[in-house]
>>> print(open('upload_38.cif').read())   # mmCIF, C-alpha atoms
data_upload
#
loop_
_atom_site.label_atom_id
_atom_site.label_comp_id
_atom_site.auth_asym_id
_atom_site.auth_seq_id
_atom_site.Cartn_x
_atom_site.Cartn_y
_atom_site.Cartn_z
CA MET G 1 50.95 -37.17 -19.23
CA VAL G 2 47.68 -35.45 -20.05
CA PRO G 3 48.34 -31.93 -21.44
CA LYS G 4 45.85 -30.26 -19.11
CA GLU G 5 46.65 -26.69 -20.05
CA LYS G 6 46.55 -27.49 -23.76
CA LEU G 7 43.11 -29.10 -23.45
CA LYS G 8 41.85 -26.17 -21.39
CA GLN G 9 43.06 -23.78 -24.07
CA GLN G 10 41.41 -25.83 -26.84
CA TYR G 11 38.07 -26.60 -25.22
CA CYS G 12 37.66 -24.14 -22.32
CA PHE G 13 37.18 -26.64 -19.53
CA ASP G 14 39.18 -27.80 -16.53
CA VAL G 15 40.54 -31.32 -16.90
CA PRO G 16 39.36 -33.47 -13.93
CA GLU G 17 42.15 -34.05 -11.42
CA LYS G 18 40.52 -36.95 -9.61
CA LYS G 19 42.19 -40.31 -10.18
CA GLY G 20 40.08 -42.93 -11.90
CA LEU G 21 39.71 -46.59 -10.98
CA ASN G 22 41.66 -49.51 -12.38
CA THR G 23 40.02 -52.91 -12.78
CA VAL G 24 40.68 -54.15 -9.24
CA GLU G 25 39.68 -50.84 -7.68
CA ALA G 26 36.46 -50.76 -9.73
CA CYS G 27 35.61 -54.28 -8.58
CA GLU G 28 36.27 -53.32 -4.96
CA GLU G 29 33.87 -50.39 -5.29
CA ILE G 30 31.26 -52.62 -6.93
CA LEU G 31 31.46 -55.04 -4.01
CA LYS G 32 30.86 -52.10 -1.67
CA GLU G 33 27.86 -51.05 -3.81
CA LYS G 34 29.44 -47.64 -4.44
CA ILE G 35 29.21 -47.72 -8.25
CA SER G 36 25.99 -46.17 -9.54
CA ALA G 37 26.54 -46.81 -13.26
CA PHE G 38 28.96 -48.70 -15.48
CA PHE G 39 29.33 -47.83 -19.18
CA MET G 40 31.17 -50.35 -21.36
CA LEU G 41 32.40 -49.31 -24.79
CA GLY G 42 33.01 -52.78 -26.13
CA GLY G 43 34.71 -55.38 -23.99
CA ASN G 44 33.38 -58.13 -21.73
CA PHE G 45 34.22 -56.86 -18.27
CA VAL G 46 32.21 -59.37 -16.24
CA ARG G 47 33.94 -62.29 -17.96
CA ALA G 48 37.45 -60.82 -17.88
CA ILE G 49 37.66 -59.96 -14.17
CA PRO G 50 38.71 -62.31 -11.33
CA ASP G 51 36.59 -63.77 -8.53
CA HIS G 52 33.41 -64.47 -10.52
CA GLY G 53 31.70 -66.09 -7.55
CA ARG G 54 31.75 -62.78 -5.67
CA MET G 55 31.65 -60.33 -8.54
CA GLU G 56 28.68 -61.60 -10.56
CA PRO G 57 26.14 -61.25 -7.68
CA ALA G 58 27.58 -57.79 -6.86
CA TRP G 59 27.42 -56.78 -10.52
CA ARG G 60 23.67 -57.47 -10.61
CA LYS G 61 23.20 -54.85 -7.86
CA ILE G 62 24.68 -51.98 -9.91
CA PRO G 63 21.80 -49.54 -10.58
CA LEU G 64 22.67 -49.11 -14.27
CA THR G 65 24.88 -50.93 -16.76
CA VAL G 66 25.23 -49.89 -20.41
CA GLN G 67 27.07 -51.93 -23.02
CA VAL G 68 27.96 -50.91 -26.58
CA VAL G 69 28.66 -54.16 -28.42
CA THR G 70 28.90 -55.75 -31.85
CA ARG G 71 27.79 -59.13 -30.47
CA LEU G 72 26.40 -60.60 -27.26
CA ASN G 73 28.77 -61.79 -24.55
CA ARG G 74 28.67 -62.76 -20.89
CA SER G 75 28.39 -59.14 -19.74
CA SER G 76 25.18 -58.88 -21.80
CA VAL G 77 23.39 -61.46 -19.67
CA ILE G 78 25.03 -60.72 -16.30
CA HIS G 79 23.90 -57.11 -15.92
CA GLY G 80 22.81 -54.42 -13.49
CA ARG G 81 19.34 -53.70 -12.15
CA ARG G 82 18.62 -51.67 -15.25
CA SER G 83 20.59 -52.48 -18.39
CA TYR G 84 20.85 -51.14 -21.92
CA LEU G 85 22.44 -53.03 -24.81
CA LEU G 86 23.42 -50.71 -27.64
CA PRO G 87 24.37 -52.70 -30.76
CA CYS G 88 26.89 -50.91 -32.95
CA LEU G 89 28.66 -51.24 -36.27
CA GLY G 90 31.60 -53.59 -36.43
CA ARG G 91 34.88 -52.46 -37.94
CA ILE G 92 34.35 -54.63 -41.03
CA GLU G 93 31.04 -52.87 -41.82
CA ILE G 94 30.74 -49.75 -43.97
CA ASP G 95 30.28 -46.74 -41.69
CA GLN G 96 28.25 -44.24 -43.70
CA GLN G 97 27.87 -40.83 -42.03
CA ALA G 98 26.82 -37.40 -43.22
CA GLY G 99 30.36 -36.77 -44.44
CA GLY G 100 30.50 -40.03 -46.40
CA ALA G 101 31.98 -43.45 -45.66
CA GLN G 102 34.22 -43.17 -42.62
CA ALA G 103 37.52 -44.74 -41.59
CA VAL G 104 38.90 -45.32 -38.12
CA SER G 105 42.45 -45.51 -36.82
CA VAL G 106 43.74 -48.64 -35.11
CA GLU G 107 46.78 -49.13 -32.91
CA ASP G 108 48.28 -52.60 -33.24
CA SER G 109 50.23 -54.55 -30.63
CA THR G 110 53.53 -53.00 -31.77
CA GLY G 111 52.33 -49.44 -31.15
CA CYS G 112 51.79 -48.63 -34.84
CA MET G 113 48.77 -46.62 -36.03
CA HIS G 114 47.05 -47.47 -39.27
CA GLY G 115 43.73 -46.78 -40.96
CA SER G 116 40.83 -49.20 -41.32
CA ARG G 117 37.73 -49.01 -43.52
CA GLY G 118 34.65 -51.21 -43.47
CA MET G 119 34.06 -53.33 -46.56
CA VAL G 120 30.71 -55.08 -46.06
CA LYS G 121 27.10 -53.92 -45.82
CA PRO G 122 25.98 -53.31 -42.21
CA ALA G 123 23.90 -56.02 -40.56
CA SER G 124 21.09 -53.48 -40.12
CA GLU G 125 20.31 -50.01 -41.43
CA HIS G 126 19.52 -49.00 -37.85
CA LEU G 127 22.99 -49.70 -36.46
CA LEU G 128 24.97 -46.72 -35.22
CA SER G 129 28.74 -46.50 -34.96
CA GLU G 130 30.54 -46.24 -31.63
CA VAL G 131 31.43 -42.64 -32.50
CA ALA G 132 27.79 -41.80 -33.26
CA ILE G 133 26.58 -43.36 -29.99
CA VAL G 134 29.14 -41.53 -27.85
CA ALA G 135 28.51 -38.23 -29.67
CA GLU G 136 24.73 -38.45 -29.24
CA ILE G 137 25.01 -39.30 -25.54
CA ALA G 138 27.43 -36.41 -25.04
CA LYS G 139 25.09 -33.98 -26.80
CA ARG G 140 22.23 -34.96 -24.50
CA ILE G 141 23.92 -35.02 -21.11
CA LEU G 142 26.74 -32.45 -21.30
CA ILE G 143 26.49 -28.69 -21.09
CA PRO G 144 26.80 -27.33 -24.65
CA ASN G 145 30.34 -26.24 -25.47
CA PRO G 146 30.84 -24.13 -28.64
CA ARG G 147 34.39 -25.51 -28.88
CA VAL G 148 33.15 -29.11 -29.16
CA ASN G 149 30.98 -29.80 -32.21
CA TRP G 150 29.74 -33.34 -31.59
CA THR G 151 27.61 -33.28 -34.75
CA ALA G 152 30.60 -32.38 -36.93
CA TRP G 153 32.79 -35.00 -35.26
CA ARG G 154 30.15 -37.66 -35.88
CA ALA G 155 29.81 -36.65 -39.53
CA ASP G 156 33.54 -36.71 -40.29
CA TYR G 157 35.97 -38.71 -38.14
CA SER G 158 38.95 -36.95 -39.73
CA ARG G 159 37.96 -33.90 -37.65
CA ILE G 160 38.49 -35.97 -34.51
CA ARG G 161 41.94 -37.01 -35.69
CA ASN G 162 42.77 -33.38 -36.49
CA ALA G 163 41.79 -32.49 -32.92
CA ILE G 164 44.02 -35.26 -31.57
CA ALA G 165 46.89 -33.98 -33.72
CA GLU G 166 46.37 -30.47 -32.34
CA THR G 167 46.57 -31.76 -28.76
CA TYR G 168 49.53 -34.09 -29.37
CA PRO G 169 51.39 -32.59 -32.35
CA GLU G 170 54.66 -34.44 -31.76
CA ILE G 171 52.96 -37.82 -31.90
CA PHE G 172 49.98 -37.34 -34.20
CA HIS G 173 50.98 -34.62 -36.66
CA ASP G 174 49.48 -35.23 -40.12
CA PHE G 175 47.41 -38.00 -38.55
CA ASN G 176 44.94 -38.43 -41.42
CA GLU G 177 47.66 -38.79 -44.03
CA ARG G 178 50.19 -40.85 -42.07
CA MET G 179 47.75 -43.55 -40.96
CA TRP G 180 47.50 -44.75 -44.58
CA THR G 181 51.23 -45.23 -45.06
CA PRO G 182 52.21 -48.92 -45.44
CA GLY G 183 52.45 -50.39 -41.97
CA GLY G 184 51.09 -47.20 -40.45
CA PHE G 185 53.25 -44.96 -38.29
CA ALA G 186 54.86 -45.84 -34.98
CA ARG G 187 53.83 -44.14 -31.77
CA PRO G 188 57.01 -42.90 -30.09
CA LEU G 189 58.12 -45.43 -27.48
CA ALA G 190 61.27 -44.44 -25.68
CA ALA G 191 62.19 -48.02 -24.74
CA ARG G 192 61.94 -49.15 -28.37
CA GLU G 193 64.44 -46.45 -29.29
CA ARG G 194 66.64 -47.39 -26.32
CA LYS G 195 66.07 -44.02 -24.70
CA TRP G 196 65.87 -44.48 -20.96
CA LYS G 197 64.32 -41.53 -19.15
CA THR G 198 66.14 -42.17 -15.91
CA GLU G 199 68.67 -40.21 -13.87
CA ASN G 200 71.61 -42.21 -15.26
CA GLY G 201 70.17 -42.59 -18.75
CA LYS G 202 70.14 -46.38 -18.47
CA ALA G 203 67.50 -49.06 -18.03
CA ASN G 204 67.21 -49.68 -14.30
CA PHE G 205 65.96 -52.93 -12.84
CA ILE G 206 63.93 -52.88 -9.64
CA THR G 207 64.84 -55.54 -7.11
CA PRO G 208 62.01 -57.30 -5.22
CA ASP G 209 61.60 -56.99 -1.49
CA SER G 210 61.88 -60.77 -1.15
CA PHE G 211 62.07 -63.94 -3.20
CA ASP G 212 58.61 -65.00 -2.03
CA GLU G 213 56.65 -64.62 -5.25
CA ASP G 214 53.26 -64.70 -3.52
CA PRO G 215 53.53 -63.24 -0.01
CA ASP G 216 49.78 -62.60 0.03
CA MET G 217 48.91 -66.26 -0.62
CA PRO G 218 51.31 -68.58 1.22
CA ALA G 219 50.42 -72.16 0.35
CA ASP G 220 52.74 -75.08 0.96
CA GLY G 221 52.18 -78.79 0.74
CA PRO G 222 52.84 -81.60 -1.74
CA ASP G 223 49.28 -81.38 -3.09
CA VAL G 224 49.37 -77.63 -3.79
CA LEU G 225 50.01 -76.69 -7.42
CA ARG G 226 50.64 -73.26 -8.98
CA LEU G 227 48.10 -72.48 -11.68
CA MET G 228 48.81 -70.09 -14.54
CA THR G 229 46.13 -69.07 -17.03
CA THR G 230 46.68 -68.56 -20.74
CA ARG G 231 44.82 -67.94 -24.00
CA GLY G 232 44.29 -70.39 -26.84
CA ASP G 233 45.33 -69.84 -30.44
CA SER G 234 41.69 -69.28 -31.51
CA GLN G 235 41.00 -66.48 -29.06
CA PHE G 236 41.02 -62.68 -28.88
CA ASN G 237 40.71 -61.39 -25.33
CA THR G 238 37.55 -63.07 -23.96
CA THR G 239 36.23 -63.92 -27.43
CA VAL G 240 36.77 -67.61 -28.14
CA TYR G 241 36.49 -68.59 -31.81
CA GLY G 242 37.19 -72.31 -31.38
CA LEU G 243 37.58 -74.92 -28.67
CA ASP G 244 40.83 -76.35 -30.08
CA ASP G 245 44.29 -75.12 -29.11
CA ARG G 246 46.60 -76.58 -31.74
CA PHE G 247 49.66 -75.02 -30.08
CA ARG G 248 49.16 -77.26 -27.04
CA GLY G 249 47.48 -80.30 -28.54
CA VAL G 250 44.10 -79.54 -26.95
CA HIS G 251 40.94 -80.41 -28.89
CA GLY G 252 37.21 -80.13 -28.28
CA THR G 253 37.24 -78.29 -24.96
CA ARG G 254 38.95 -75.50 -23.07
CA HIS G 255 37.84 -76.88 -19.71
CA MET G 256 41.27 -78.37 -19.30
CA LEU G 257 44.27 -78.50 -16.97
CA LEU G 258 47.72 -79.07 -18.48
CA MET G 259 49.97 -80.90 -16.02
CA HIS G 260 53.43 -82.45 -15.77
CA VAL G 261 53.17 -86.23 -16.04
CA ALA G 262 55.00 -86.60 -12.71
CA ASP G 263 52.31 -84.53 -10.97
CA ILE G 264 49.56 -86.57 -12.63
CA GLU G 265 51.09 -89.79 -11.33
CA ARG G 266 51.97 -88.36 -7.90
CA LEU G 267 48.38 -87.25 -7.28
CA GLY G 268 46.97 -90.59 -8.42
CA LEU G 269 45.40 -89.19 -11.57
CA ALA G 270 45.43 -90.33 -15.19
CA GLU G 271 45.20 -88.68 -18.58
CA GLY G 272 41.58 -87.63 -19.20
CA ASP G 273 40.45 -87.72 -15.57
CA MET G 274 38.08 -84.98 -14.46
CA VAL G 275 39.01 -82.88 -11.44
CA THR G 276 37.83 -79.88 -9.44
CA ALA G 277 40.36 -77.13 -8.86
CA ALA G 278 39.95 -75.16 -5.61
CA THR G 279 41.93 -72.09 -4.63
CA VAL G 280 44.10 -72.34 -1.51
CA SER G 281 43.61 -69.00 0.26
CA GLN G 282 43.44 -67.58 3.75
CA ASP G 283 40.33 -65.43 3.36
CA GLY G 284 37.80 -68.19 3.98
CA ILE G 285 36.07 -67.71 0.63
CA ALA G 286 35.48 -70.89 -1.39
CA ARG G 287 36.59 -70.63 -5.01
CA SER G 288 36.47 -73.62 -7.33
CA VAL G 289 35.95 -74.73 -10.93
CA ASP G 290 34.87 -78.30 -11.55
CA ASN G 291 34.93 -80.77 -14.43
CA LEU G 292 38.43 -79.88 -15.64
CA ARG G 293 40.05 -82.52 -17.80
CA VAL G 294 43.62 -83.58 -16.97
CA HIS G 295 46.04 -83.42 -19.90
CA ALA G 296 49.76 -84.27 -19.80
CA PHE G 297 51.93 -81.38 -20.98
CA ASP G 298 55.55 -80.23 -20.96
CA ILE G 299 55.34 -77.85 -18.01
CA PRO G 300 57.54 -77.57 -14.89
CA ALA G 301 56.54 -79.98 -12.13
CA GLY G 302 54.42 -78.28 -9.49
CA CYS G 303 52.86 -75.95 -12.07
CA ILE G 304 49.65 -76.38 -14.06
CA MET G 305 48.09 -74.38 -16.87
CA GLY G 306 44.48 -73.62 -17.77
CA TYR G 307 42.54 -71.16 -19.88
CA PHE G 308 41.49 -67.54 -19.43
CA PRO G 309 38.73 -66.59 -18.75
CA GLU G 310 37.32 -70.00 -17.82
CA LEU G 311 39.52 -70.20 -14.71
CA ASN G 312 39.12 -66.58 -13.58
CA PRO G 313 36.76 -67.70 -10.76
CA LEU G 314 39.86 -69.11 -9.03
CA ILE G 315 41.67 -65.75 -8.81
CA PRO G 316 40.97 -63.81 -5.59
CA LEU G 317 40.39 -60.14 -6.32
CA ALA G 318 43.00 -59.23 -3.71
CA HIS G 319 45.65 -61.37 -5.45
CA HIS G 320 47.31 -58.78 -7.68
CA ALA G 321 50.56 -56.97 -8.42
CA ARG G 322 51.38 -54.54 -5.62
CA ASP G 323 51.78 -51.36 -7.66
CA SER G 324 49.94 -51.91 -10.94
CA LYS G 325 47.15 -54.00 -9.36
CA VAL G 326 47.13 -56.34 -12.35
CA PRO G 327 45.38 -59.57 -11.23
CA ALA G 328 48.00 -62.25 -10.53
CA ALA G 329 46.64 -64.77 -13.01
CA LYS G 330 50.03 -66.46 -13.48
CA SER G 331 50.38 -67.80 -9.95
CA ILE G 332 47.30 -69.17 -8.20
CA PRO G 333 47.76 -71.89 -5.53
CA VAL G 334 45.19 -74.64 -6.05
CA ARG G 335 44.38 -78.17 -4.95
CA LEU G 336 42.81 -80.77 -7.24
CA THR G 337 40.07 -83.22 -6.31
CA PRO G 338 38.95 -86.05 -8.63
CA THR G 339 35.35 -85.64 -9.78
CA ARG G 340 34.19 -87.88 -12.63
CA THR G 341 35.41 -89.79 -15.66
CA ARG G 342 36.01 -88.32 -19.06
CA THR G 343 33.17 -90.23 -20.73
CA GLN G 344 30.57 -88.38 -18.64
CA VAL G 345 31.44 -84.93 -20.01
CA ARG G 346 28.77 -83.21 -22.13
CA PRO G 347 30.23 -81.97 -25.43
CA ALA G 348 30.70 -78.22 -25.54
CA GLN G 349 27.76 -76.36 -27.08
CA PRO G 350 27.91 -73.35 -29.46
CA GLU G 351 26.41 -71.09 -26.78
CA ASP G 352 29.44 -71.80 -24.60
CA MET G 353 31.52 -69.74 -27.01
CA LEU G 354 28.87 -67.11 -27.75
CA MET G 355 28.19 -66.19 -24.15
CA GLY G 356 31.67 -66.87 -22.82
CA ALA G 357 30.21 -69.45 -20.43
CA PRO G 358 32.50 -72.13 -19.02
CA ALA G 359 32.20 -75.45 -20.78
CA PRO G 360 30.89 -78.14 -18.41
#
>>> encode(input="upload_38.cif", output="structure tokens")
Amino acid sequence: MVPKEKLKQQYCFDVPEKKGLNTVEACEEILKEKISAFFMLGGNFVRAIPDHGRMEPAWRKIPLTVQVVTRLNRSSVIHGRRSYLLPCLGRIEIDQQAGGAQAVSVEDSTGCMHGSRGMVKPASEHLLSEVAIVAEIAKRILIPNPRVNWTAWRADYSRIRNAIAETYPEIFHDFNERMWTPGGFARPLAARERKWKTENGKANFITPDSFDEDPDMPADGPDVLRLMTTRGDSQFNTTVYGLDDRFRGVHGTRHMLLMHVADIERLGLAEGDMVTAATVSQDGIARSVDNLRVHAFDIPAGCIMGYFPELNPLIPLAHHARDSKVPAAKSIPVRLTPTRTRTQVRPAQPEDMLMGAPAP
């Protein structure tokens, strides 16, 4: 929970009470043309979201999009009516500020905090850090607050960590010292310590309302398959570093569907055939991705697997978890239609990886 009273005491302002938007809710507002500006601090939002066929045209209607990035991606070329690209320092680059070379804190996938310093010369002397960009924007658009010294925070990031430690002393006490301990320090996670904050002090499982895993997208029939999307071994979020996936025996392309051999035979397909995958939905909106190569794989019959984010156009925006609204990328009903032979496929180009564009 946000310590509202603590923040008010520290910085003399009232913490906003209005609920923000999650990914699905933000996309819904974009479709309604109710978003006036979208500021991205890193990330590749346009590429990561579902329903590209609907979202990309709507995204271009946003009055203003701003992106702080270390490299170009799909969101850099699919942008709003007015767009600003603000290149910034990468974490491997030396971040020299008025207070000297700076370090940042990083939280890894296990919830441990550790320090990170840049080691190489910046790509340009004109590059600013993310901290510097945010601080300068804040100084120009916010009402001056004597309790918030943006210039000092930009000059010395340890001051920011001290402020965090003051707000959350139980978690981040001695932040600047502890982040350099070997392995960093663990953020308290009750579940990891087997502390269940429930009425009976135990982990409680929630039973589903029904055993129908996709009540919003009923799709039966022998030709309907359940698609799940996944990431390759040379990938971080939407950034793809290579077209091979050695874990699954895939080489040279990510425009691929992994299928049970029985499904391949049952649908009259063969290894290497090219197909179009089309979403089976009741909303009347056509969603498809073509030129997907069939590849036999050890997967349950009736299920197929493809890659994120290449297959995100197949996910309806409304197809999400009921409470969290996480897009349901692990269960998408699709039908396959043969398109062309494997020998007609153009080899993937370097720009396919740079821009996050789907390989043909």
>>> resolve_selection(input="upload_38.cif", expression="the PyMOL selection byres ((chain G and resi 271-282) around 10)", output="NGL selection string")
:G and (216-220 or 224-227 or 255-259 or 261 or 264-265 or 269-270 or 283-296 or 311 or 313-316 or 319 or 332-345)
>>> closest_atom_pairs(input="upload_38.cif", of="region 112-137 of chain G", to="region 142-164 of chain G", cutoff="8 Å", atoms="all atoms listed in the file", output="CSV")
residue,atom,partner,partner_atom,distance
G:Val131,CA,G:Arg154,CA,6.2
G:Ala132,CA,G:Arg154,CA,5.4
G:Ala135,CA,G:Trp150,CA,5.4
G:Glu136,CA,G:Trp150,CA,7.5
>>> closest_residue(input="upload_38.cif", among="G:Val77, G:Met179, G:Met119, G:Ala203", to="Ser105 (chain G)", atoms="only C-alpha atoms")
G:Met179
>>> atom_distance(input="upload_38.cif", atom1="CA of Glu29 (chain G)", atom2="CA of Met55 (chain G)")
10.7 Å
>>> resolve_selection(input="upload_38.cif", expression="the PyMOL selection byres ((chain G and resi 111) around 8)", output="list in words")
Glu107, Asp108, Ser109, Thr110, Cys112, Met113, Ala186, Arg187 and Leu189 of chain G
>>> closest_residue(input="upload_38.cif", among="G:Glu130, G:Lys34, G:Ala138, G:His114", to="Gln67 (chain G)", atoms="only C-alpha atoms")
G:Glu130
